[in-house]
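final_28.cif, holding mmCIF, N, CA and C atoms:
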```cif
data_entry
loop_
_atom_site.label_atom_id
_atom_site.label_comp_id
_atom_site.auth_asym_id
_atom_site.auth_seq_id
_atom_site.Cartn_x
_atom_site.Cartn_y
_atom_site.Cartn_z
N MET A 138 14.40 -37.26 47.22
CA MET A 138 14.83 -36.17 46.39
C MET A 138 15.23 -34.96 47.25
N LYS A 139 14.45 -34.67 48.29
CA LYS A 139 14.77 -33.56 49.17
C LYS A 139 16.11 -33.79 49.86
N ARG A 140 16.35 -35.03 50.22
CA ARG A 140 17.60 -35.37 50.90
C ARG A 140 18.79 -35.13 49.97
N PHE A 141 18.65 -35.43 48.69
CA PHE A 141 19.71 -35.23 47.72
C PHE A 141 20.06 -33.74 47.62
N PHE A 142 19.06 -32.87 47.53
CA PHE A 142 19.31 -31.43 47.43
C PHE A 142 19.97 -30.90 48.70
N PHE A 143 19.58 -31.43 49.84
CA PHE A 143 20.18 -31.01 51.10
C PHE A 143 21.67 -31.37 51.13
N ILE A 144 22.00 -32.57 50.69
CA ILE A 144 23.39 -33.02 50.67
C ILE A 144 24.21 -32.16 49.71
N VAL A 145 23.67 -31.87 48.55
CA VAL A 145 24.37 -31.03 47.57
C VAL A 145 24.57 -29.63 48.13
N LEU A 146 23.57 -29.10 48.76
CA LEU A 146 23.66 -27.75 49.34
C LEU A 146 24.73 -27.69 50.42
N VAL A 147 24.78 -28.70 51.30
CA VAL A 147 25.79 -28.74 52.35
C VAL A 147 27.18 -28.88 51.73
N ALA A 148 27.32 -29.69 50.70
CA ALA A 148 28.61 -29.89 50.04
C ALA A 148 29.09 -28.60 49.39
N LEU A 149 28.21 -27.87 48.76
CA LEU A 149 28.58 -26.60 48.12
C LEU A 149 28.96 -25.56 49.17
N ALA A 150 28.26 -25.52 50.26
CA ALA A 150 28.56 -24.55 51.31
C ALA A 150 29.93 -24.84 51.94
N ALA A 151 30.28 -26.09 52.04
CA ALA A 151 31.57 -26.45 52.62
C ALA A 151 32.73 -26.07 51.72
N CYS A 152 32.51 -25.96 50.42
CA CYS A 152 33.57 -25.64 49.47
C CYS A 152 33.87 -24.15 49.42
N GLU A 153 32.98 -23.34 49.87
CA GLU A 153 33.16 -21.89 49.74
C GLU A 153 33.92 -21.33 50.93
N ALA A 154 34.91 -20.46 50.65
CA ALA A 154 35.68 -19.81 51.70
C ALA A 154 34.91 -18.62 52.24
N PRO A 155 34.99 -18.34 53.53
CA PRO A 155 34.32 -17.18 54.09
C PRO A 155 34.87 -15.88 53.46
N VAL A 156 34.01 -14.92 53.28
CA VAL A 156 34.39 -13.66 52.68
C VAL A 156 35.38 -12.92 53.56
N GLY A 157 36.43 -12.39 52.95
CA GLY A 157 37.39 -11.58 53.69
C GLY A 157 38.52 -12.36 54.34
N THR A 158 38.56 -13.68 54.16
CA THR A 158 39.62 -14.44 54.81
C THR A 158 40.83 -14.64 53.91
N LEU A 159 40.66 -14.49 52.62
CA LEU A 159 41.77 -14.66 51.72
C LEU A 159 42.60 -13.38 51.67
N PRO A 160 43.93 -13.48 51.60
CA PRO A 160 44.78 -12.28 51.62
C PRO A 160 44.50 -11.31 50.49
N ASP A 161 44.09 -11.82 49.33
CA ASP A 161 43.84 -10.92 48.20
C ASP A 161 42.48 -10.22 48.30
N GLN A 162 41.68 -10.53 49.30
CA GLN A 162 40.38 -9.90 49.47
C GLN A 162 40.38 -8.84 50.57
N GLN A 163 41.55 -8.48 51.09
CA GLN A 163 41.60 -7.48 52.15
C GLN A 163 41.24 -6.12 51.57
N ILE A 164 40.40 -5.41 52.27
CA ILE A 164 39.96 -4.09 51.83
C ILE A 164 40.89 -3.05 52.44
N PRO A 165 41.51 -2.19 51.61
CA PRO A 165 42.41 -1.18 52.16
C PRO A 165 41.64 -0.12 52.95
N LEU A 166 42.21 0.31 54.05
CA LEU A 166 41.59 1.35 54.85
C LEU A 166 41.82 2.70 54.20
N PRO A 167 40.86 3.61 54.27
CA PRO A 167 41.06 4.94 53.67
C PRO A 167 42.17 5.68 54.37
N GLN A 168 42.93 6.43 53.61
CA GLN A 168 44.02 7.22 54.16
C GLN A 168 43.45 8.54 54.68
N MET A 169 43.51 8.73 55.96
CA MET A 169 43.01 9.95 56.56
C MET A 169 44.16 10.95 56.70
N PRO A 170 43.87 12.22 56.59
CA PRO A 170 44.92 13.22 56.72
C PRO A 170 45.44 13.26 58.16
N ILE A 171 46.65 13.70 58.31
CA ILE A 171 47.25 13.83 59.64
C ILE A 171 46.56 14.97 60.37
N ILE A 172 46.11 14.70 61.59
CA ILE A 172 45.44 15.73 62.39
C ILE A 172 46.45 16.82 62.69
N GLY A 173 46.05 18.04 62.51
CA GLY A 173 46.94 19.15 62.76
C GLY A 173 47.43 19.81 61.48
N ASP A 174 47.29 19.11 60.36
CA ASP A 174 47.64 19.74 59.09
C ASP A 174 46.58 20.77 58.75
N ASP A 175 46.99 22.00 58.65
CA ASP A 175 46.05 23.07 58.32
C ASP A 175 46.12 23.34 56.83
N THR A 176 45.67 22.37 56.05
CA THR A 176 45.79 22.43 54.60
C THR A 176 44.86 23.45 53.96
N CYS A 177 43.82 23.86 54.67
CA CYS A 177 42.87 24.83 54.11
C CYS A 177 43.02 26.20 54.76
N HIS A 178 44.01 26.36 55.62
CA HIS A 178 44.28 27.62 56.32
C HIS A 178 43.09 28.04 57.19
N ALA A 179 42.59 27.11 57.98
CA ALA A 179 41.47 27.36 58.88
C ALA A 179 41.91 28.06 60.16
N ALA A 180 43.15 27.84 60.59
CA ALA A 180 43.63 28.40 61.86
C ALA A 180 43.49 29.92 61.94
N PRO A 181 43.84 30.68 60.89
CA PRO A 181 43.68 32.13 60.98
C PRO A 181 42.22 32.58 61.10
N ARG A 182 41.29 31.68 60.83
CA ARG A 182 39.86 32.02 60.90
C ARG A 182 39.24 31.65 62.23
N ALA A 183 40.03 31.20 63.20
CA ALA A 183 39.52 30.75 64.49
C ALA A 183 38.75 31.84 65.22
N ASP A 184 39.07 33.10 64.96
CA ASP A 184 38.36 34.19 65.63
C ASP A 184 36.91 34.31 65.17
N LEU A 185 36.54 33.61 64.10
CA LEU A 185 35.15 33.64 63.62
C LEU A 185 34.23 32.73 64.43
N ILE A 186 34.79 31.80 65.19
CA ILE A 186 33.97 30.88 65.98
C ILE A 186 33.20 31.68 67.03
N GLY A 187 31.89 31.45 67.07
CA GLY A 187 31.02 32.16 67.99
C GLY A 187 30.39 33.41 67.40
N GLN A 188 30.91 33.88 66.27
CA GLN A 188 30.35 35.07 65.63
C GLN A 188 29.16 34.68 64.74
N PRO A 189 28.32 35.64 64.42
CA PRO A 189 27.20 35.35 63.52
C PRO A 189 27.73 34.93 62.14
N ALA A 190 26.95 34.12 61.45
CA ALA A 190 27.34 33.66 60.11
C ALA A 190 27.54 34.81 59.15
N THR A 191 26.88 35.93 59.40
CA THR A 191 27.04 37.09 58.52
C THR A 191 28.45 37.66 58.58
N ALA A 192 29.24 37.30 59.58
CA ALA A 192 30.64 37.75 59.67
C ALA A 192 31.45 37.23 58.49
N LEU A 193 31.02 36.13 57.89
CA LEU A 193 31.72 35.58 56.73
C LEU A 193 31.62 36.50 55.51
N GLU A 194 30.62 37.37 55.50
CA GLU A 194 30.46 38.30 54.38
C GLU A 194 31.58 39.34 54.35
N ARG A 195 32.22 39.56 55.49
CA ARG A 195 33.26 40.58 55.59
C ARG A 195 34.67 40.00 55.48
N VAL A 196 34.76 38.68 55.24
CA VAL A 196 36.06 38.01 55.19
C VAL A 196 36.29 37.48 53.77
N LEU A 197 37.47 37.76 53.24
CA LEU A 197 37.83 37.24 51.92
C LEU A 197 38.52 35.90 52.11
N ILE A 198 37.92 34.85 51.57
CA ILE A 198 38.50 33.52 51.65
C ILE A 198 38.67 33.02 50.22
N LEU A 199 39.91 32.87 49.82
CA LEU A 199 40.20 32.36 48.48
C LEU A 199 40.25 30.83 48.55
N GLY A 200 39.56 30.18 47.66
CA GLY A 200 39.54 28.72 47.65
C GLY A 200 38.15 28.19 47.93
N GLN A 201 38.08 26.89 48.14
CA GLN A 201 36.81 26.22 48.35
C GLN A 201 36.29 26.43 49.76
N VAL A 202 35.03 26.82 49.86
CA VAL A 202 34.38 27.07 51.15
C VAL A 202 33.06 26.32 51.16
N ARG A 203 32.73 25.72 52.31
CA ARG A 203 31.44 25.04 52.44
C ARG A 203 30.80 25.46 53.75
N LEU A 204 29.58 26.00 53.66
CA LEU A 204 28.80 26.36 54.84
C LEU A 204 27.81 25.22 55.08
N ILE A 205 27.85 24.67 56.28
CA ILE A 205 26.98 23.54 56.60
C ILE A 205 25.94 24.00 57.61
N ARG A 206 24.71 23.99 57.17
CA ARG A 206 23.59 24.43 58.01
C ARG A 206 22.73 23.23 58.40
N PRO A 207 21.88 23.35 59.42
CA PRO A 207 21.04 22.23 59.87
C PRO A 207 20.17 21.68 58.73
N GLY A 208 20.15 20.36 58.60
CA GLY A 208 19.31 19.69 57.62
C GLY A 208 19.86 19.72 56.21
N MET A 209 21.00 20.34 56.03
CA MET A 209 21.59 20.46 54.70
C MET A 209 22.30 19.16 54.35
N PRO A 210 22.05 18.60 53.15
CA PRO A 210 22.79 17.40 52.76
C PRO A 210 24.26 17.75 52.52
N VAL A 211 25.15 16.89 52.99
CA VAL A 211 26.59 17.14 52.89
C VAL A 211 27.25 15.90 52.31
N THR A 212 28.11 16.09 51.33
CA THR A 212 28.83 14.96 50.76
C THR A 212 29.90 14.48 51.74
N ALA A 213 30.28 13.23 51.63
CA ALA A 213 31.26 12.65 52.54
C ALA A 213 32.68 12.70 51.98
N ASP A 214 32.86 13.33 50.83
CA ASP A 214 34.20 13.38 50.26
C ASP A 214 35.10 14.30 51.07
N TYR A 215 36.38 13.96 51.10
CA TYR A 215 37.34 14.76 51.85
C TYR A 215 38.19 15.55 50.87
N ARG A 216 38.20 16.86 51.04
CA ARG A 216 39.04 17.74 50.23
C ARG A 216 39.87 18.57 51.18
N SER A 217 41.15 18.29 51.22
CA SER A 217 42.03 18.92 52.20
C SER A 217 42.11 20.42 52.04
N GLU A 218 41.87 20.94 50.85
CA GLU A 218 41.97 22.38 50.62
C GLU A 218 40.66 23.13 50.92
N ARG A 219 39.59 22.41 51.22
CA ARG A 219 38.29 23.04 51.46
C ARG A 219 38.13 23.38 52.94
N ILE A 220 37.65 24.58 53.22
CA ILE A 220 37.37 25.00 54.60
C ILE A 220 35.87 24.90 54.83
N ASN A 221 35.50 24.27 55.94
CA ASN A 221 34.09 24.05 56.29
C ASN A 221 33.72 24.89 57.50
N PHE A 222 32.53 25.46 57.44
CA PHE A 222 31.99 26.23 58.56
C PHE A 222 30.69 25.57 58.99
N ASP A 223 30.64 25.14 60.24
CA ASP A 223 29.42 24.54 60.81
C ASP A 223 28.60 25.67 61.41
N ILE A 224 27.38 25.86 60.87
CA ILE A 224 26.50 26.94 61.33
C ILE A 224 25.18 26.31 61.80
N PRO A 225 24.99 26.16 63.12
CA PRO A 225 23.75 25.56 63.63
C PRO A 225 22.58 26.55 63.56
N GLU A 226 21.49 26.17 64.17
CA GLU A 226 20.25 26.96 64.07
C GLU A 226 20.35 28.35 64.68
N ASP A 227 21.28 28.55 65.61
CA ASP A 227 21.41 29.88 66.20
C ASP A 227 22.17 30.86 65.30
N GLN A 228 22.57 30.37 64.09
CA GLN A 228 23.24 31.19 63.07
C GLN A 228 24.59 31.76 63.52
N ARG A 229 25.24 31.08 64.47
CA ARG A 229 26.59 31.46 64.89
C ARG A 229 27.55 30.35 64.47
N ILE A 230 28.73 30.71 64.05
CA ILE A 230 29.70 29.74 63.58
C ILE A 230 30.16 28.89 64.77
N ARG A 231 29.92 27.60 64.70
CA ARG A 231 30.24 26.70 65.80
C ARG A 231 31.61 26.06 65.64
N ARG A 232 31.97 25.69 64.41
CA ARG A 232 33.20 24.94 64.19
C ARG A 232 33.75 25.24 62.81
N ILE A 233 35.08 25.24 62.69
CA ILE A 233 35.75 25.46 61.42
C ILE A 233 36.77 24.33 61.26
N TRP A 234 36.78 23.67 60.09
CA TRP A 234 37.74 22.60 59.87
C TRP A 234 37.99 22.40 58.38
N CYS A 235 39.06 21.69 58.10
CA CYS A 235 39.41 21.35 56.71
C CYS A 235 38.73 20.05 56.31
N GLY A 236 38.40 19.94 55.07
CA GLY A 236 37.81 18.71 54.56
C GLY A 236 36.74 18.98 53.65
#
```

With the file now loaded, output its structure as structure tokens.
Amino acid sequence: MKRFFFIVLVALAACEAPVGTLPDQQIPLPQMPIIGDDTCHAAPRADLIGQPATALERVLILGQVRLIRPGMPVTADYRSERINFDIPEDQRIRRIWCG
């Protein structure tokens, strides 16, 4: 009886195609934005890099803004119009980018 189940199991395994080998099972790659597109107008804010995070209080930024601090949960969604400010533990703006 054990031999019968083994033969059936081997026969079923041989009938199955490996995942991802069929053309209709190809997973499309995410479309990433072109590097250099300043869709959130981050370039004019480059002078804020290295300044204290409180410098953002004196700047008017219209649109979506995200401040990312240490240990803060951050979503992985990409929004080309959103400007992100990376603020590490020293409370100085380290990096500015779109997304």

- line: Expressed in Å, the length from CA of Pro210 (chain A) to CA of Pro189 (chain A) is 21.4 Å

- request: Could you tell me how far atom C of Asp175 (chain A) lies from atom N of Met209 (chain A), in Å and to one decimal?
  value: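 Taking atom C of Asp175 (chain A) as the start and atom N of Met209 (chain A) as the end point, the length is 25.3 Å.
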
task: For region 194-205 of chain A, list every protein, DNA or RNA residue within 12 Å, evaluated using only C-alpha atoms, and leave out those in the same chain fewer than 3 positions away; present the list as a PyMOL selection string.
output: chain A and resi 176-179+181-182+184-185+188-191+208-212+215-226+228-236

message: Just the number, please: distance in Å from atom N of Gly187 (chain A) to CA of Asp227 (chain A), one decimal.
response: 10.6 Å

Backbone-only DSSP, helix (DSSP H, G or I) members of region 185-228 of chain A, as a ChimeraX atom specification: /A:185,190-195
